[in-house]
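Novice: Please find protein13.pdb (PDB, C-alpha atoms) on the next line:
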```
ATOM      1  CA  MET A 208     143.141  11.110  74.578
ATOM      2  CA  SER A 209     142.670  12.742  77.964
ATOM      3  CA  VAL A 210     146.147  11.694  79.104
ATOM      4  CA  GLY A 211     147.695  12.955  75.871
ATOM      5  CA  LEU A 212     145.788  16.221  76.117
ATOM      6  CA  ARG A 213     146.972  16.752  79.687
ATOM      7  CA  ARG A 214     150.563  16.172  78.608
ATOM      8  CA  VAL A 215     150.213  18.652  75.766
ATOM      9  CA  VAL A 216     148.720  21.256  78.094
ATOM     10  CA  LEU A 217     151.416  20.578  80.717
ATOM     11  CA  TRP A 218     154.347  20.882  78.328
ATOM     12  CA  SER A 219     152.791  23.870  76.603
ATOM     13  CA  GLY A 220     152.592  25.613  79.962
ATOM     14  CA  VAL A 221     156.183  24.648  80.810
ATOM     15  CA  VAL A 222     157.494  25.939  77.473
ATOM     16  CA  THR A 223     155.476  29.147  77.759
ATOM     17  CA  LEU A 224     156.732  29.787  81.290
ATOM     18  CA  CYS A 225     160.353  29.130  80.279
ATOM     19  CA  LEU A 226     160.058  31.476  77.303
ATOM     20  CA  TRP A 227     158.414  34.115  79.505
ATOM     21  CA  VAL A 228     161.424  34.044  81.838
ATOM     22  CA  LEU A 229     164.312  33.332  79.457
ATOM     23  CA  VAL A 230     163.484  35.500  76.435
ATOM     24  CA  PRO A 231     163.771  38.849  78.311
ATOM     25  CA  ILE A 232     167.057  37.705  79.875
ATOM     26  CA  TYR A 233     168.351  36.682  76.452
ATOM     27  CA  LEU A 234     167.362  40.019  74.908
ATOM     28  CA  ILE A 235     169.101  41.886  77.733
ATOM     29  CA  ALA A 236     172.208  39.757  77.160
ATOM     30  CA  LEU A 237     172.104  40.563  73.417
ATOM     31  CA  GLY A 238     171.964  44.265  74.234
ATOM     32  CA  ALA A 239     174.737  43.971  76.819
ATOM     33  CA  PHE A 240     177.185  42.030  74.635
ATOM     34  CA  GLY A 241     176.087  43.197  71.193
ATOM     35  CA  GLY A 242     177.177  46.814  71.523
ATOM     36  CA  ARG A 243     175.340  49.725  69.962
ATOM     37  CA  ALA A 244     174.670  47.793  66.738
ATOM     38  CA  GLY A 245     173.256  44.829  68.630
ATOM     39  CA  VAL A 246     170.806  47.003  70.550
ATOM     40  CA  PHE A 247     169.238  48.587  67.446
ATOM     41  CA  ARG A 248     169.442  45.583  65.104
ATOM     42  CA  TRP A 249     166.085  44.183  64.043
ATOM     43  CA  PRO A 250     165.193  41.390  63.739
ATOM     44  CA  LYS A 251     167.350  40.078  66.529
ATOM     45  CA  SER A 252     169.746  37.271  65.696
ATOM     46  CA  LEU A 253     169.222  34.012  67.526
ATOM     47  CA  LEU A 254     172.959  33.352  67.748
ATOM     48  CA  PRO A 255     175.142  36.299  68.823
ATOM     49  CA  TRP A 256     177.975  35.802  66.366
ATOM     50  CA  ASP A 257     179.210  39.360  66.800
ATOM     51  CA  ALA A 258     179.074  39.384  70.617
ATOM     52  CA  THR A 259     181.740  41.483  72.285
ATOM     53  CA  LEU A 260     182.759  42.287  75.839
ATOM     54  CA  ALA A 261     183.533  45.912  75.045
ATOM     55  CA  SER A 262     180.301  47.352  76.459
ATOM     56  CA  MET A 263     180.517  45.256  79.632
ATOM     57  CA  GLN A 264     184.198  46.091  80.142
ATOM     58  CA  THR A 265     183.520  49.810  79.693
ATOM     59  CA  PHE A 266     180.629  49.620  82.107
ATOM     60  CA  LEU A 267     182.620  47.714  84.729
ATOM     61  CA  ALA A 268     185.417  50.258  84.405
ATOM     62  CA  VAL A 269     183.119  53.079  85.545
ATOM     63  CA  GLU A 270     184.275  54.368  88.906
ATOM     64  CA  GLY A 271     182.160  53.118  91.783
ATOM     65  CA  VAL A 272     180.437  50.199  90.032
ATOM     66  CA  GLY A 273     182.538  47.531  91.750
ATOM     67  CA  ARG A 274     182.079  49.078  95.172
ATOM     68  CA  ALA A 275     178.332  49.458  94.615
ATOM     69  CA  ALA A 276     178.081  45.805  93.559
ATOM     70  CA  VAL A 277     179.874  44.700  96.737
ATOM     71  CA  ASN A 278     177.584  46.919  98.844
ATOM     72  CA  GLY A 279     174.509  45.491  97.127
ATOM     73  CA  ALA A 280     175.647  41.903  97.696
ATOM     74  CA  LEU A 281     176.454  42.663 101.340
ATOM     75  CA  VAL A 282     173.063  44.286 101.945
ATOM     76  CA  ALA A 283     171.252  41.394 100.226
ATOM     77  CA  ALA A 284     173.159  38.817 102.275
ATOM     78  CA  LEU A 285     172.409  40.652 105.532
ATOM     79  CA  THR A 286     168.746  40.930 104.544
ATOM     80  CA  MET A 287     168.575  37.220 103.813
ATOM     81  CA  LEU A 288     170.186  36.273 107.126
ATOM     82  CA  LEU A 289     168.072  38.667 109.195
ATOM     83  CA  SER A 290     164.849  37.621 107.451
ATOM     84  CA  LEU A 291     165.486  33.942 108.157
ATOM     85  CA  ALA A 292     166.781  34.560 111.685
ATOM     86  CA  LEU A 293     163.609  36.472 112.591
ATOM     87  CA  GLY A 294     161.067  34.899 110.237
ATOM     88  CA  ALA A 295     161.787  31.219 110.921
ATOM     89  CA  PRO A 296     161.275  31.419 114.728
ATOM     90  CA  ALA A 297     158.140  33.513 114.193
ATOM     91  CA  GLY A 298     156.812  30.958 111.720
ATOM     92  CA  TYR A 299     157.619  28.105 114.099
ATOM     93  CA  ALA A 300     155.746  29.837 116.918
ATOM     94  CA  LEU A 301     152.724  30.407 114.677
ATOM     95  CA  ALA A 302     152.742  26.769 113.567
ATOM     96  CA  ARG A 303     153.357  25.038 116.881
ATOM     97  CA  TYR A 304     151.707  27.205 119.544
ATOM     98  CA  ALA A 305     148.057  28.162 119.784
ATOM     99  CA  PHE A 306     147.500  31.573 121.323
ATOM    100  CA  ARG A 307     144.767  34.169 121.308
ATOM    101  CA  GLY A 308     145.055  36.576 118.397
ATOM    102  CA  ALA A 309     147.152  34.332 116.141
ATOM    103  CA  ASN A 310     145.061  35.157 113.057
ATOM    104  CA  LEU A 311     145.169  38.850 113.894
ATOM    105  CA  PHE A 312     148.939  38.610 114.231
ATOM    106  CA  ARG A 313     149.188  37.056 110.752
ATOM    107  CA  LEU A 314     147.068  39.891 109.381
ATOM    108  CA  LEU A 315     149.230  42.505 111.088
ATOM    109  CA  VAL A 316     152.341  40.889 109.644
ATOM    110  CA  ILE A 317     150.917  41.288 106.151
ATOM    111  CA  LEU A 318     149.763  44.839 106.856
ATOM    112  CA  THR A 319     153.364  45.910 107.397
ATOM    113  CA  ARG A 320     153.610  45.958 103.605
ATOM    114  CA  ALA A 321     150.757  48.469 103.453
ATOM    115  CA  PHE A 322     152.992  51.388 104.437
ATOM    116  CA  PRO A 323     154.795  52.797 101.368
ATOM    117  CA  LEU A 324     158.449  53.616 101.799
ATOM    118  CA  ALA A 325     157.914  57.085 100.359
ATOM    119  CA  ILE A 326     155.902  58.043 103.458
ATOM    120  CA  LEU A 327     158.476  56.555 105.827
ATOM    121  CA  ALA A 328     161.523  57.947 104.020
ATOM    122  CA  LEU A 329     161.882  61.177 106.012
ATOM    123  CA  PRO A 330     161.394  59.727 109.529
ATOM    124  CA  LEU A 331     163.643  56.780 108.661
ATOM    125  CA  THR A 332     166.363  59.119 107.420
ATOM    126  CA  VAL A 333     166.199  61.280 110.546
ATOM    127  CA  THR A 334     166.197  58.253 112.845
ATOM    128  CA  PHE A 335     169.083  56.563 111.056
ATOM    129  CA  ILE A 336     171.158  59.753 111.193
ATOM    130  CA  ARG A 337     170.578  59.987 114.955
ATOM    131  CA  VAL A 338     171.515  56.379 115.680
ATOM    132  CA  GLY A 339     174.431  56.268 113.220
ATOM    133  CA  LEU A 340     172.930  53.863 110.676
ATOM    134  CA  TYR A 341     172.590  56.355 107.828
ATOM    135  CA  ASP A 342     174.704  55.569 104.760
ATOM    136  CA  THR A 343     175.608  52.100 106.045
ATOM    137  CA  PRO A 344     174.856  48.651 104.565
ATOM    138  CA  LEU A 345     173.313  47.581 107.875
ATOM    139  CA  GLY A 346     170.814  50.444 107.825
ATOM    140  CA  VAL A 347     169.648  49.570 104.307
ATOM    141  CA  ALA A 348     169.531  45.877 105.226
ATOM    142  CA  LEU A 349     167.231  46.614 108.170
ATOM    143  CA  VAL A 350     164.753  48.370 105.885
ATOM    144  CA  HIS A 351     164.936  45.555 103.341
ATOM    145  CA  THR A 352     164.419  43.038 106.137
ATOM    146  CA  ALA A 353     161.191  44.815 107.053
ATOM    147  CA  LEU A 354     160.072  44.322 103.447
ATOM    148  CA  ALA A 355     160.994  40.640 103.258
ATOM    149  CA  LEU A 356     160.152  39.566 106.821
ATOM    150  CA  PRO A 357     156.355  39.119 106.368
ATOM    151  CA  PHE A 358     156.923  36.695 103.519
ATOM    152  CA  ALA A 359     159.617  34.808 105.429
ATOM    153  CA  ALA A 360     157.444  34.481 108.548
ATOM    154  CA  LEU A 361     154.309  33.295 106.760
ATOM    155  CA  VAL A 362     156.169  30.883 104.479
ATOM    156  CA  SER A 363     157.998  29.447 107.486
ATOM    157  CA  ALA A 364     154.692  29.017 109.330
ATOM    158  CA  SER A 365     153.237  27.080 106.390
ATOM    159  CA  LEU A 366     156.340  24.901 106.246
ATOM    160  CA  PHE A 367     156.304  24.002 109.917
ATOM    161  CA  MET A 368     152.571  23.294 109.789
ATOM    162  CA  GLY A 369     153.291  20.698 107.110
ATOM    163  CA  ILE A 370     155.868  18.898 109.281
ATOM    164  CA  PRO A 371     154.126  16.470 111.675
ATOM    165  CA  ARG A 372     154.514  17.323 115.321
ATOM    166  CA  GLU A 373     154.825  13.612 116.054
ATOM    167  CA  LEU A 374     158.344  13.651 114.605
ATOM    168  CA  GLU A 375     159.429  16.142 117.244
ATOM    169  CA  GLU A 376     157.677  14.182 119.974
ATOM    170  CA  ALA A 377     159.504  11.024 118.870
ATOM    171  CA  ALA A 378     162.802  12.909 119.099
ATOM    172  CA  TRP A 379     161.881  14.026 122.621
ATOM    173  CA  VAL A 380     161.208  10.420 123.577
ATOM    174  CA  PHE A 381     164.690   9.433 122.406
ATOM    175  CA  GLY A 382     166.301  12.067 124.602
ATOM    176  CA  CYS A 383     166.496  15.166 122.404
ATOM    177  CA  SER A 384     165.739  18.556 123.852
ATOM    178  CA  ARG A 385     163.366  20.919 122.051
ATOM    179  CA  LEU A 386     166.286  22.710 120.432
ATOM    180  CA  GLN A 387     167.967  19.451 119.381
ATOM    181  CA  ALA A 388     164.703  18.115 117.953
ATOM    182  CA  PHE A 389     164.250  21.301 115.954
ATOM    183  CA  ARG A 390     167.840  21.283 114.678
ATOM    184  CA  LYS A 391     168.057  17.559 113.851
ATOM    185  CA  VAL A 392     164.505  16.765 112.745
ATOM    186  CA  VAL A 393     162.470  19.830 111.795
ATOM    187  CA  LEU A 394     165.119  22.061 110.247
ATOM    188  CA  PRO A 395     166.359  19.548 107.621
ATOM    189  CA  LEU A 396     162.777  18.974 106.474
ATOM    190  CA  ALA A 397     162.136  22.711 106.268
ATOM    191  CA  LEU A 398     165.316  23.612 104.355
ATOM    192  CA  PRO A 399     163.684  23.604 100.880
ATOM    193  CA  GLY A 400     161.046  26.110 101.916
ATOM    194  CA  LEU A 401     163.552  28.193 103.844
ATOM    195  CA  ALA A 402     165.698  28.266 100.711
ATOM    196  CA  ALA A 403     162.731  29.700  98.793
ATOM    197  CA  ALA A 404     162.257  32.365 101.473
ATOM    198  CA  ALA A 405     165.989  33.138 101.331
ATOM    199  CA  ILE A 406     165.814  33.580  97.551
ATOM    200  CA  PHE A 407     162.897  35.957  97.903
ATOM    201  CA  ALA A 408     164.684  38.013 100.549
ATOM    202  CA  PHE A 409     167.887  38.156  98.503
ATOM    203  CA  VAL A 410     166.132  39.191  95.299
ATOM    204  CA  ILE A 411     163.893  41.807  96.920
ATOM    205  CA  SER A 412     166.934  43.400  98.570
ATOM    206  CA  TRP A 413     169.124  43.236  95.478
ATOM    207  CA  ASN A 414     166.465  44.860  93.281
ATOM    208  CA  GLU A 415     165.150  47.459  95.767
ATOM    209  CA  VAL A 416     166.127  50.993  94.777
ATOM    210  CA  PHE A 417     164.087  53.580  96.707
ATOM    211  CA  ALA A 418     165.321  52.930 100.256
ATOM    212  CA  ALA A 419     168.851  52.321  99.005
ATOM    213  CA  SER A 420     168.806  55.700  97.234
ATOM    214  CA  VAL A 421     167.339  57.666 100.138
ATOM    215  CA  LEU A 422     169.357  56.133 102.960
ATOM    216  CA  THR A 423     172.788  56.176 101.307
ATOM    217  CA  VAL A 424     175.136  58.748  99.835
ATOM    218  CA  ARG A 425     178.582  57.187  99.456
ATOM    219  CA  ASN A 426     177.746  53.530 100.142
ATOM    220  CA  LYS A 427     175.031  53.050  97.530
ATOM    221  CA  THR A 428     173.941  49.624  96.370
ATOM    222  CA  LEU A 429     174.280  48.744  92.713
ATOM    223  CA  THR A 430     170.642  49.493  91.869
ATOM    224  CA  ALA A 431     170.781  52.918  93.516
ATOM    225  CA  TYR A 432     174.124  53.684  91.901
ATOM    226  CA  LEU A 433     172.941  52.675  88.431
ATOM    227  CA  LEU A 434     169.846  54.815  88.816
ATOM    228  CA  THR A 435     172.061  57.889  88.759
ATOM    229  CA  VAL A 436     174.946  56.695  86.586
ATOM    230  CA  LEU A 437     172.880  55.244  83.718
ATOM    231  CA  ALA A 438     170.307  58.041  83.525
ATOM    232  CA  GLU A 439     172.067  59.682  80.577
ATOM    233  CA  SER A 440     174.124  56.728  79.346
ATOM    234  CA  PRO A 441     173.838  55.095  75.896
ATOM    235  CA  LEU A 442     171.340  52.303  75.628
ATOM    236  CA  HIS A 443     173.866  49.453  75.313
ATOM    237  CA  TYR A 444     175.469  50.522  78.594
ATOM    238  CA  ARG A 445     172.062  50.397  80.234
ATOM    239  CA  PHE A 446     171.636  46.842  78.991
ATOM    240  CA  ALA A 447     175.060  46.010  80.427
ATOM    241  CA  GLY A 448     173.950  47.376  83.798
ATOM    242  CA  GLY A 449     170.686  45.455  83.612
ATOM    243  CA  PHE A 450     172.490  42.221  82.845
ATOM    244  CA  LEU A 451     174.843  42.785  85.766
ATOM    245  CA  LEU A 452     171.816  43.292  88.024
ATOM    246  CA  ILE A 453     170.099  40.026  87.123
ATOM    247  CA  LEU A 454     173.267  37.904  87.099
ATOM    248  CA  PRO A 455     173.741  37.548  90.917
ATOM    249  CA  SER A 456     170.106  36.501  91.393
ATOM    250  CA  ILE A 457     170.447  33.822  88.728
ATOM    251  CA  VAL A 458     173.692  32.546  90.250
ATOM    252  CA  PHE A 459     172.171  32.462  93.745
ATOM    253  CA  ILE A 460     169.070  30.588  92.564
ATOM    254  CA  PHE A 461     171.284  28.108  90.708
ATOM    255  CA  ALA A 462     173.364  27.582  93.854
ATOM    256  CA  VAL A 463     170.342  26.602  95.981
ATOM    257  CA  ARG A 464     168.458  24.783  93.234
ATOM    258  CA  LYS A 465     168.728  21.393  94.962
ATOM    259  CA  TYR A 466     166.654  22.672  97.879
ATOM    260  CA  LEU A 467     164.018  24.038  95.517
ATOM    261  CA  PHE A 468     163.890  20.766  93.615
ATOM    262  CA  ALA A 469     163.480  18.914  96.902
ATOM    263  CA  MET A 470     160.575  21.196  97.794
ATOM    264  CA  TRP A 471     158.899  20.314  94.501
ATOM    265  CA  GLY A 472     159.511  16.616  94.971
ATOM    266  CA  VAL A 473     162.147  16.350  92.270
ATOM    267  CA  SER A 474     165.331  14.478  93.066
ATOM    268  CA  ASN A 475     168.542  16.148  92.040
ATOM    269  CA  LYS A 476     171.882  14.436  92.484
TER     270      LYS A 476
END
```
Would you mind giving the structure from this file in structure tokens?
Specialist:
Amino acid sequence: MSVGLRRVVLWSGVVTLCLWVLVPIYLIALGAFGGRAGVFRWPKSLLPWDATLASMQTFLAVEGVGRAAVNGALVAALTMLLSLALGAPAGYALARYAFRGANLFRLLVILTRAFPLAILALPLTVTFIRVGLYDTPLGVALVHTALALPFAALVSASLFMGIPRELEEAAWVFGCSRLQAFRKVVLPLALPGLAAAAIFAFVISWNEVFAASVLTVRNKTLTAYLLTVLAESPLHYRFAGGFLLILPSIVFIFAVRKYLFAMWGVSNK
């Protein structure tokens, strides 16, 4: 009875979690491909027999949407790369080297999220204008990296703490340098966790709207562009924009799913 009860509780939690994630996405898709009638129809149909691409095509035909989508993807990719390039070495140092003030450093890393962007908007804008980073994807990516870097550093530290140091020492014995031991032994074991940190960095950059709106004028990301374009648009066009926003994140997560499954101990061939 206890084993059966645990299975029921487990699968009930799995089903509830899947519904919690998938039902909103499905409702957004119904609004995006159902047109005006599909948005206001109640109750919602389980199978979208009358789905149409008209709303999505009209939305994609709006001037500037394609360029904003490319800018958003570029900023998210730069944020992901910068977060891993800076966060992984910081996490490795926290995991492998003992130094005075390590706990304080971890706390300070987290406290970087305590400063709201609204307070920093004006000085950031002035500074970026002076150095030539205003209205550029790199400037927005640097701000998004500051948002995602604490998570990347602390997750990387936890990952490297879970990898035995003896594996690196064995690689040293067999003639590997520190860099070769990290690249050939530690990095492959840490890839699942680094993939999770990359997903977080990508999603937080793709969905961030405040910094992208303040620091750009012509080169807006998709979220910042939709904030202005869809303000007075019909509801089904807003659903089309929302579906376009969540689609890249879903595709990216699906692309790196094997690393996530490996992190959870699930084999995926």
Novice: State, in Å with one decimal place, the distance from atom CA of Ala302 of chain A to atom CA of Gly369 of chain A.
Specialist: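 Computing it gives 8.9 Å between the two atoms.
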Novice: Let me make sure I understand: among A:Thr286, A:Ser363, A:Thr352, A:Asn278, which one has the smallest atom-to-atom distance to Leu429 of chain A if we use all atoms listed in the file?
Specialist: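 Residue with the minimum atom-to-atom distance to Leu429 of chain A: A:Asn278.
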Novice: Of the candidates A:Leu361, A:Ala239, A:Leu433, A:Arg320, which one gets nearest to Glu270 of chain A if we count all atoms listed in the file?
Specialist: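 Of A:Leu361, A:Ala239, A:Leu433, A:Arg320, the one nearest Glu270 of chain A, counting all atoms listed in the file, is A:Leu433.
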Novice: Find the residue from A:Phe240, A:Phe306, A:Phe407, A:Phe358 that sits nearest to Ala447 of chain A; use only C-alpha atoms when measuring.
Specialist: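 Of A:Phe240, A:Phe306, A:Phe407, A:Phe358, the one nearest Ala447 of chain A is A:Phe240, counting only C-alpha atoms.
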Novice: Work out how far atom CA of Leu229 of chain A is from atom CA of Trp249 of chain A, in Å to one decimal.
Specialist: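 That distance, rounded to one decimal, is 18.9 Å.
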Novice: Return the single residue from A:Phe417, A:Phe450, A:Tyr233, A:Trp218 that is closest to Leu434 of chain A, with distances computed using only C-alpha atoms.
Specialist: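 Closest candidate: A:Phe417.
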